[in-house]
Amino acid sequence: MVPQLSWYLALSAVLFTIGVVGVMIKRNVISMFMCIELMLNAVNLTFVAFSSFFRDVTGQLFVFIVMTVAAAEAAVGLGIIISIFRNRESLDVDDASTLKL
Amino acid sequence: MVLVVFVIMLLNVEEEERRPLRLQTLVPIAIALAAVFFAETAFIIFFVQKSPATPTGGASDVGLTSSIGSGLFTTYLLPFEITSILLLMAVVGAMTLARRGGLIGANIGVVPGYQSIARDVLEPKATPDLSPVEARTSREAEALLGVSDAPHVRKKED
Amino acid sequence: MLRYIIFAPFAGAMINWLIGRRVRNEGVIGMVACGSVGISTIIAFYLAFKSDGALRSTQPIMDHLWTWIQVGSFRADFGLAMDRLSGIYALFITFVGFLIHVFATGYMHGDGGYYRFFAYLNLFMFAMLTLVLGDNFLLMFVGWEGVGLCSYLLIGYYLDKDEAAPAAKKAFIANRVGDWGFVLGIMLVFFLTSAKGVASISFFDKPALGVTSALASIAAMPIDGFTWHAIFAGGITSVAVLLFIGATGKSAQIPLFVWLPDAMAGPTPVSALIHAATMVTAGVYMLARCSAIFTHAPTAMFIVAIIGAATALFAATIGLAQNDIKKVLAYSTISQLGYMFLACGVGAFIAAIFHVMTHAFFKAQLFLGSGSVIHGMHHEQDMRRMGGLRKYMPITWITMVCGWLAICGVPIWAGFFSKDEILWRVWSAGAYGLPPGATKALWFVGAVTALLTAIYMTRLMGMTFWGGERFRETDHHHGEQHHDVAHEPHESPLSMTIPLIVLAVLSTVGGLVGVPYAISSLAGGHPENYFEETLAPVISSVPNAASEGKAVKPHWLSPPPQEIDGKPAVAPVGEAPGSATSHETPSPQEINEERLLALVSVLIALTGIGIGWFVFQKQPLLKMPRLLEQKYYIDEIYDATIIQPIKVGSSEGLWKIFDLGVIDGILHTIGNGVVRAGRTVRYMQIGFVRGYAAIILAGALIIIGYFAYSGASVLRLLVK
């Protein structure tokens, strides 16, 4: 049974939904972070799937770019997390509910 | 991902105490939204399957490293370069953010979280007692070490 | 050149206003104030009397400063014009104003707000000269409002006096009522002329700018009928009545005269300058300027005459019973203004202007004299506490005697000629389209007023300068402070007496420029009435006065007139009667009639003086009827009929119902709604990241849903 495009799409949809729900429900900032990564990778999966389906290399190129952006985002985001943790002694996003430190 | 793991190790988060749950209403909302999202996605997938679109590109070059490379360095050169600049900025930004705001003097700072400090660090007049002083949070450690006037702490107290 | 007349006082006002407080030197401030007015005076005289000056040629001197409004063919410029009428006005305003400025430097000596006072005075000169020299209605209105403002500022000048602020407000509000009429009148002029073809509000033709005179185009229209309906018909009569409403406000006529007596709360030079000599005569100026409009509206003329006569008599009776020296003069001013309007109402605009001029001299003189008395009496204004002052203030006494004789109408003194001229014109006004019986009645009113004027002025003089020295009497009602203070009256300084002397000379001889033919021929003098000759070309006479039509033709005879102001007119001698006349001489019958009337008015004046002398010499403190002393309770009547209803209506209706209920209700509903909505929406911005994530997701879902739906419908089409 040859995997069809819709299988990949369905998988990526499931992954994305899990990421979305995780972002909203998890309170630990690192968990949220990982959920965001999950969403990005779900999108990457879609890209690759379409790239393969349409026999077009562009999708794969974008996956590269998305991964790079994800790396940049991870670096900055983790920097922010460290900074917040240093000030708040907490990784709970709900503790960082005011705009001032 | 590797970075994430490193950071988790660095932060040495203590046991998360049970906190009263806030935003409980968000859970059903999130589930409802997720359901809607999933429904929309399924809808789209369903229609994409029914669409008459057919593969367009040549069959041979997909997945070849050379085609990816030529694509990156010809048609998509600009996004590629922008990404490189973004990475550079991210490196600088991460450094700036993660640097200890409360540098006092050369390199004095407090490690976040639970820690034990040697007693003779706190009291230079050597005492026979060699048991460590424990600080449960970095704030306590700062107070012990007398670096509580570090800028980020002061800001916090404002 | 003309612009410097108005901008010199303006510059003086600005200098004193901005840096006067820092200067703190009365000499410098007074110099700036008097100097700036002096400059305007010199320029005004130069422009009026140079070889082709305003008074010596029929062409007005124009000065176009800038275009103010230009809409289509209509334009209103900031332009000045000095023709014979505005020239005469500018002359006596600047000259009398200059003298009053000089007087004020002495009178206001030591006052804390010295610089402020002179800044206001100069600003007033600026506004008044703009009013007079403006070449269109709109610019005239600017000056009109400007004098209103300055009047407000100057009446309320004494910040620590309780009655000053309400008096200032009263003056301002009464003037606003009049201004309402004036503005509507200007608009109606605009509509009338635009219906005629070219909309214009200019007084003069200005071919270079394509402006035609509104007065000329109205003068070309047919004369309105003598009916009451014409007042509300929106024609020329309506214009005239509306303009006259403006004049009643500014010139203190019935029913808007109430502000003038209260305006005496200001410093005395202000009373002299604004409320006697210049500002209040703006109404007469406006009527004379718009004589073309008024001569086409007999109904309005009749109203003017009636109001004028009524005001003259009414104010004179009140003046009879006042005890405050300035109040007497205030009511006298109202009464004399009534005279001027009476003259305007019968078409004798020139006589009115003549009276304005002589009145400016003698009333300024009397006011300044009273100021000198008040100054010498240490700010005592009640005549019941004066008496016998002639020993202490001889210069003030002598000069005030001149003013007194002038206002009473004793021959040779200025008031005689102008008053006699008015009375004669009223008597003979049957030909001017008024009901024939009415003019005789009006003359009678005028004659009675003249009698009353002589009586109350004699009373004033008698109470002030003759009789027992009542200021020594201990006044138990007045408190302790007068007991120990040596209350000796003293003569005023030179800066105050010199203007008094100059004005006294002018009050004495100023009338000689307008000696009517009938009298000058009697004395064998020069038979021309210079004043009338000068003004005849710029005043339109009543068109249907065919028998009186001698003044219609603009003509100008060779000998330039010996004008007033500064160079007192010298009665020309040595010319045979009638030698240089090129115009028609009045018929002998008219001359006889006029001479008879002059005799009658002399008798009236002397009788009045006699009555006043004998009655008040014996009993200077004679109690006058309470009704007169209380000014017919006019203020109380106004208060009950107009002010209280407005107050009650405002507080009960407008404030409590409309403002609190409707306006505040609407606003509160809107405000509360916004607050409530904000309170609801606030939960979107609680600061929790996860909440924001949910909102972002919801937004994304909506957008995705939209595209999915539309994309699906496209696909469905494709599939089918």
# chains A, B, ... in the order shown; residues from 1 in each chain; ligands from 1
call {"tool": "closest_atom_pairs", "arguments": {"of": "chain B", "to": "chain C", "cutoff": "7 Å", "atoms": "only C-alpha atoms", "output": "Markdown table"}}
result
| residue | atom | partner | partner_atom | distance |
| --- | --- | --- | --- | --- |
| B:Ala30 | CA | C:Ala694 | CA | 6.8 |
| B:Leu33 | CA | C:Ala698 | CA | 6.9 |
| B:Phe37 | CA | C:Leu701 | CA | 6.4 |
| B:Glu40 | CA | C:Gly705 | CA | 6.5 |
| B:Ile44 | CA | C:Ala708 | CA | 6.3 |
| B:Phe47 | CA | C:Ala712 | CA | 6.5 |
| B:Ser51 | CA | C:Leu715 | CA | 6.6 |
call {"tool": "write_last_selection", "arguments": {"atoms": "N, CA and C atoms", "output": "JSON list (two decimals), in the first residue's frame"}}
result
[["chain", "number", "residue", "atom", "x", "y", "z"],
["B", 30, "ALA", "N", -9.73, 25.54, 24.46],
["B", 30, "ALA", "CA", -8.66, 25.01, 23.62],
["B", 30, "ALA", "C", -9.11, 23.76, 22.89],
["B", 33, "LEU", "N", -11.48, 24.76, 20.16],
["B", 33, "LEU", "CA", -10.77, 25.36, 19.02],
["B", 33, "LEU", "C", -9.99, 24.30, 18.25],
["B", 37, "PHE", "N", -10.33, 23.37, 14.46],
["B", 37, "PHE", "CA", -9.15, 23.37, 13.59],
["B", 37, "PHE", "C", -9.00, 22.04, 12.86],
["B", 40, "GLU", "N", -11.55, 21.79, 10.16],
["B", 40, "GLU", "CA", -11.20, 22.58, 8.97],
["B", 40, "GLU", "C", -10.11, 21.89, 8.18],
["B", 44, "ILE", "N", -10.22, 20.58, 4.36],
["B", 44, "ILE", "CA", -9.29, 20.99, 3.31],
["B", 44, "ILE", "C", -8.67, 19.74, 2.66],
["B", 47, "PHE", "N", -10.97, 18.12, 0.28],
["B", 47, "PHE", "CA", -11.13, 18.78, -1.02],
["B", 47, "PHE", "C", -9.85, 18.71, -1.85],
["B", 51, "SER", "N", -9.25, 17.37, -5.67],
["B", 51, "SER", "CA", -8.87, 18.34, -6.70],
["B", 51, "SER", "C", -8.17, 17.64, -7.86]]
call {"tool": "interface_residues", "arguments": {"of": "chain A", "to": "chain B", "cutoff": "8 Å", "atoms": "only C-alpha atoms", "output": "PyMOL selection string"}}
result
chain A and resi 6+9-10+13-14+17+20-21+24-25+30+51-58+60-61+65+68-69+71-80+82-83+85-87+89+94+101
call {"tool": "closest_atom_pairs", "arguments": {"of": "chain A", "to": "chain C", "cutoff": "10 Å", "atoms": "only C-alpha atoms", "output": "Markdown table"}}
result
| residue | atom | partner | partner_atom | distance |
| --- | --- | --- | --- | --- |
| A:Val20 | CA | C:Leu697 | CA | 8.0 |
| A:Val21 | CA | C:Ala694 | CA | 9.1 |
| A:Gly22 | CA | C:Arg690 | CA | 9.7 |
| A:Val23 | CA | C:Arg690 | CA | 6.8 |
| A:Met24 | CA | C:Arg690 | CA | 5.0 |
| A:Ile25 | CA | C:Arg690 | CA | 7.3 |
| A:Lys26 | CA | C:Arg690 | CA | 8.4 |
| A:Arg27 | CA | C:Arg690 | CA | 8.1 |
| A:Val29 | CA | C:Val689 | CA | 9.8 |
| A:Met32 | CA | C:Arg690 | CA | 9.3 |
| A:Val93 | CA | C:Val689 | CA | 6.6 |
| A:Asp94 | CA | C:Phe688 | CA | 5.5 |
| A:Asp95 | CA | C:Phe688 | CA | 8.2 |
| A:Ala96 | CA | C:Phe688 | CA | 7.3 |
| A:Ser97 | CA | C:Gly687 | CA | 4.5 |
| A:Thr98 | CA | C:Gly687 | CA | 6.0 |
| A:Leu99 | CA | C:Gly687 | CA | 7.7 |
call {"tool": "atom_distance", "arguments": {"atom1": "CA of Tyr115 in chain C", "atom2": "CA of Tyr157 in chain C"}}
result
11.7 Å
call {"tool": "atom_distance", "arguments": {"atom1": "CA of Val505 in chain C", "atom2": "CA of Phe92 in chain C"}}
result
14.2 Å
call {"tool": "atom_distance", "arguments": {"atom1": "CA of Gly510 in chain C", "atom2": "CA of Ile374 in chain C"}}
result
26.3 Å
call {"tool": "select_by_dssp", "arguments": {"residues": "range 237-334 of chain C", "states": "alpha helix (DSSP H)", "output": "ChimeraX atom specification"}}
result
/C:237-250,259-262,268-272,282-289,291-294,298-319,325-334
call {"tool": "residues_around", "arguments": {"residues": "Asn16 in chain C", "least_positions_apart": "4", "cutoff": "10 Å", "atoms": "only C-alpha atoms", "output": "PyMOL selection string"}}
result
chain C and resi 10-12+20-23+28-30+32-33+114-120+122
call {"tool": "closest_residue", "arguments": {"among": "C:Ala220, C:Ala351, C:Val198, C:Ile634", "to": "Leu256 in chain C", "atoms": "only C-alpha atoms"}}
result
C:Ile634
call {"tool": "residues_around", "arguments": {"residues": "range 314-320 of chain C", "least_positions_apart": "3", "cutoff": "9 Å", "atoms": "only C-alpha atoms", "output": "ChimeraX atom specification"}}
result
/C:254,309-311,323,327-336,338,449-450,452-453,455-457,459-460,624,627-632
call {"tool": "residues_around", "arguments": {"residues": "Val43 in chain A", "least_positions_apart": "2", "cutoff": "12 Å", "atoms": "only C-alpha atoms", "output": "NGL selection string"}}
result
:A and (8-17 or 19 or 36-41 or 45-50 or 59-60 or 62-64 or 66-67 or 70)
call {"tool": "residues_around", "arguments": {"residues": "Trp404 in chain C", "least_positions_apart": "6", "cutoff": "12 Å", "atoms": "only C-alpha atoms", "output": "PyMOL selection string"}}
result
chain C and resi 329+332+359+361-367+369-370+396-398+410+413-416+453-462+465+504+507-508+605+608-609
call {"tool": "closest_residue", "arguments": {"among": "C:Met301, C:Gly112, C:Asp420, C:Asn136", "to": "Ile604 in chain C", "atoms": "only C-alpha atoms"}}
result
C:Asp420
call {"tool": "residues_around", "arguments": {"residues": "Thr299 in chain C", "least_positions_apart": "5", "cutoff": "8 Å", "atoms": "only C-alpha atoms", "output": "list in words"}}
result
Gly225, Phe226, Thr227, Trp228, Ala230, Ile231 and Thr237 of chain C
call {"tool": "write_last_selection", "arguments": {"atoms": "N, CA and C atoms", "output": "compact mmCIF listing (two decimals), in the first residue's frame"}}
result
# COMPACT_ATOMS: atom_id res chain seq x y z
N GLY C 225 -41.92 102.99 1.40
CA GLY C 225 -43.09 103.73 1.84
C GLY C 225 -43.06 103.95 3.34
N PHE C 226 -43.90 104.88 3.78
CA PHE C 226 -43.96 105.19 5.20
C PHE C 226 -45.01 104.29 5.84
N THR C 227 -44.68 103.02 6.01
CA THR C 227 -45.63 102.09 6.62
C THR C 227 -44.90 101.27 7.66
N TRP C 228 -45.69 100.72 8.57
CA TRP C 228 -45.09 99.88 9.60
C TRP C 228 -44.65 98.54 9.02
N ALA C 230 -43.11 98.02 6.39
CA ALA C 230 -41.79 98.10 5.76
C ALA C 230 -40.69 97.65 6.71
N ILE C 231 -40.96 97.77 8.02
CA ILE C 231 -39.92 97.40 8.98
C ILE C 231 -39.58 95.93 8.86
N THR C 237 -35.88 99.68 4.72
CA THR C 237 -36.33 100.08 6.06
C THR C 237 -35.84 99.08 7.10
call {"tool": "decode", "arguments": {"residues": "range 62-80 of chain B", "atoms": "N, CA, C and O atoms", "output": "PDB file, in the first residue's frame"}}
result
ATOM      1  N   VAL B  62      13.811  15.572  -7.725  1.00  0.00           N
ATOM      2  CA  VAL B  62      13.343  15.765  -6.370  1.00  0.00           C
ATOM      3  C   VAL B  62      14.187  14.936  -5.415  1.00  0.00           C
ATOM      4  O   VAL B  62      14.396  13.739  -5.639  1.00  0.00           O
ATOM      5  N   GLY B  63      14.676  15.580  -4.363  1.00  0.00           N
ATOM      6  CA  GLY B  63      15.439  14.855  -3.366  1.00  0.00           C
ATOM      7  C   GLY B  63      16.917  14.853  -3.642  1.00  0.00           C
ATOM      8  O   GLY B  63      17.703  14.459  -2.791  1.00  0.00           O
ATOM      9  N   LEU B  64      17.318  15.358  -4.816  1.00  0.00           N
ATOM     10  CA  LEU B  64      18.748  15.407  -5.110  1.00  0.00           C
ATOM     11  C   LEU B  64      19.377  16.596  -4.394  1.00  0.00           C
ATOM     12  O   LEU B  64      18.827  17.712  -4.415  1.00  0.00           O
ATOM     13  N   THR B  65      20.516  16.366  -3.766  1.00  0.00           N
ATOM     14  CA  THR B  65      21.191  17.451  -3.060  1.00  0.00           C
ATOM     15  C   THR B  65      21.563  18.574  -3.999  1.00  0.00           C
ATOM     16  O   THR B  65      21.460  19.757  -3.676  1.00  0.00           O
ATOM     17  N   SER B  66      21.961  18.193  -5.217  1.00  0.00           N
ATOM     18  CA  SER B  66      22.387  19.228  -6.165  1.00  0.00           C
ATOM     19  C   SER B  66      21.234  20.153  -6.529  1.00  0.00           C
ATOM     20  O   SER B  66      21.406  21.376  -6.615  1.00  0.00           O
ATOM     21  N   SER B  67      20.034  19.584  -6.673  1.00  0.00           N
ATOM     22  CA  SER B  67      18.913  20.444  -7.045  1.00  0.00           C
ATOM     23  C   SER B  67      18.552  21.392  -5.895  1.00  0.00           C
ATOM     24  O   SER B  67      18.227  22.571  -6.094  1.00  0.00           O
ATOM     25  N   ILE B  68      18.662  20.858  -4.681  1.00  0.00           N
ATOM     26  CA  ILE B  68      18.381  21.727  -3.528  1.00  0.00           C
ATOM     27  C   ILE B  68      19.411  22.852  -3.459  1.00  0.00           C
ATOM     28  O   ILE B  68      19.074  24.035  -3.271  1.00  0.00           O
ATOM     29  N   GLY B  69      20.639  22.473  -3.634  1.00  0.00           N
ATOM     30  CA  GLY B  69      21.701  23.493  -3.586  1.00  0.00           C
ATOM     31  C   GLY B  69      21.524  24.531  -4.656  1.00  0.00           C
ATOM     32  O   GLY B  69      21.562  25.747  -4.393  1.00  0.00           O
ATOM     33  N   SER B  70      21.282  24.099  -5.884  1.00  0.00           N
ATOM     34  CA  SER B  70      21.124  25.096  -6.956  1.00  0.00           C
ATOM     35  C   SER B  70      19.900  25.962  -6.696  1.00  0.00           C
ATOM     36  O   SER B  70      19.902  27.166  -6.954  1.00  0.00           O
ATOM     37  N   GLY B  71      18.839  25.345  -6.155  1.00  0.00           N
ATOM     38  CA  GLY B  71      17.652  26.139  -5.824  1.00  0.00           C
ATOM     39  C   GLY B  71      17.970  27.194  -4.774  1.00  0.00           C
ATOM     40  O   GLY B  71      17.597  28.377  -4.903  1.00  0.00           O
ATOM     41  N   LEU B  72      18.693  26.771  -3.745  1.00  0.00           N
ATOM     42  CA  LEU B  72      19.000  27.717  -2.669  1.00  0.00           C
ATOM     43  C   LEU B  72      19.865  28.870  -3.140  1.00  0.00           C
ATOM     44  O   LEU B  72      19.697  30.002  -2.695  1.00  0.00           O
ATOM     45  N   PHE B  73      20.779  28.560  -4.033  1.00  0.00           N
ATOM     46  CA  PHE B  73      21.727  29.612  -4.404  1.00  0.00           C
ATOM     47  C   PHE B  73      21.368  30.355  -5.666  1.00  0.00           C
ATOM     48  O   PHE B  73      22.091  31.246  -6.076  1.00  0.00           O
ATOM     49  N   THR B  74      20.264  30.005  -6.300  1.00  0.00           N
ATOM     50  CA  THR B  74      19.845  30.784  -7.477  1.00  0.00           C
ATOM     51  C   THR B  74      18.512  31.459  -7.224  1.00  0.00           C
ATOM     52  O   THR B  74      18.457  32.645  -6.877  1.00  0.00           O
ATOM     53  N   THR B  75      17.451  30.695  -7.337  1.00  0.00           N
ATOM     54  CA  THR B  75      16.120  31.296  -7.235  1.00  0.00           C
ATOM     55  C   THR B  75      15.868  31.862  -5.839  1.00  0.00           C
ATOM     56  O   THR B  75      15.299  32.944  -5.687  1.00  0.00           O
ATOM     57  N   TYR B  76      16.303  31.119  -4.812  1.00  0.00           N
ATOM     58  CA  TYR B  76      15.946  31.520  -3.449  1.00  0.00           C
ATOM     59  C   TYR B  76      17.144  32.087  -2.700  1.00  0.00           C
ATOM     60  O   TYR B  76      17.309  31.857  -1.505  1.00  0.00           O
ATOM     61  N   LEU B  77      17.961  32.806  -3.437  1.00  0.00           N
ATOM     62  CA  LEU B  77      19.164  33.348  -2.802  1.00  0.00           C
ATOM     63  C   LEU B  77      18.790  34.387  -1.741  1.00  0.00           C
ATOM     64  O   LEU B  77      19.352  34.412  -0.644  1.00  0.00           O
ATOM     65  N   LEU B  78      17.815  35.193  -2.083  1.00  0.00           N
ATOM     66  CA  LEU B  78      17.465  36.277  -1.145  1.00  0.00           C
ATOM     67  C   LEU B  78      16.920  35.723   0.175  1.00  0.00           C
ATOM     68  O   LEU B  78      17.411  36.107   1.242  1.00  0.00           O
ATOM     69  N   PRO B  79      15.942  34.824   0.148  1.00  0.00           N
ATOM     70  CA  PRO B  79      15.506  34.254   1.435  1.00  0.00           C
ATOM     71  C   PRO B  79      16.650  33.592   2.175  1.00  0.00           C
ATOM     72  O   PRO B  79      16.729  33.675   3.418  1.00  0.00           O
ATOM     73  N   PHE B  80      17.520  32.976   1.441  1.00  0.00           N
ATOM     74  CA  PHE B  80      18.650  32.302   2.065  1.00  0.00           C
ATOM     75  C   PHE B  80      19.520  33.293   2.839  1.00  0.00           C
ATOM     76  O   PHE B  80      19.858  33.086   4.007  1.00  0.00           O
TER      77      PHE B  80
END
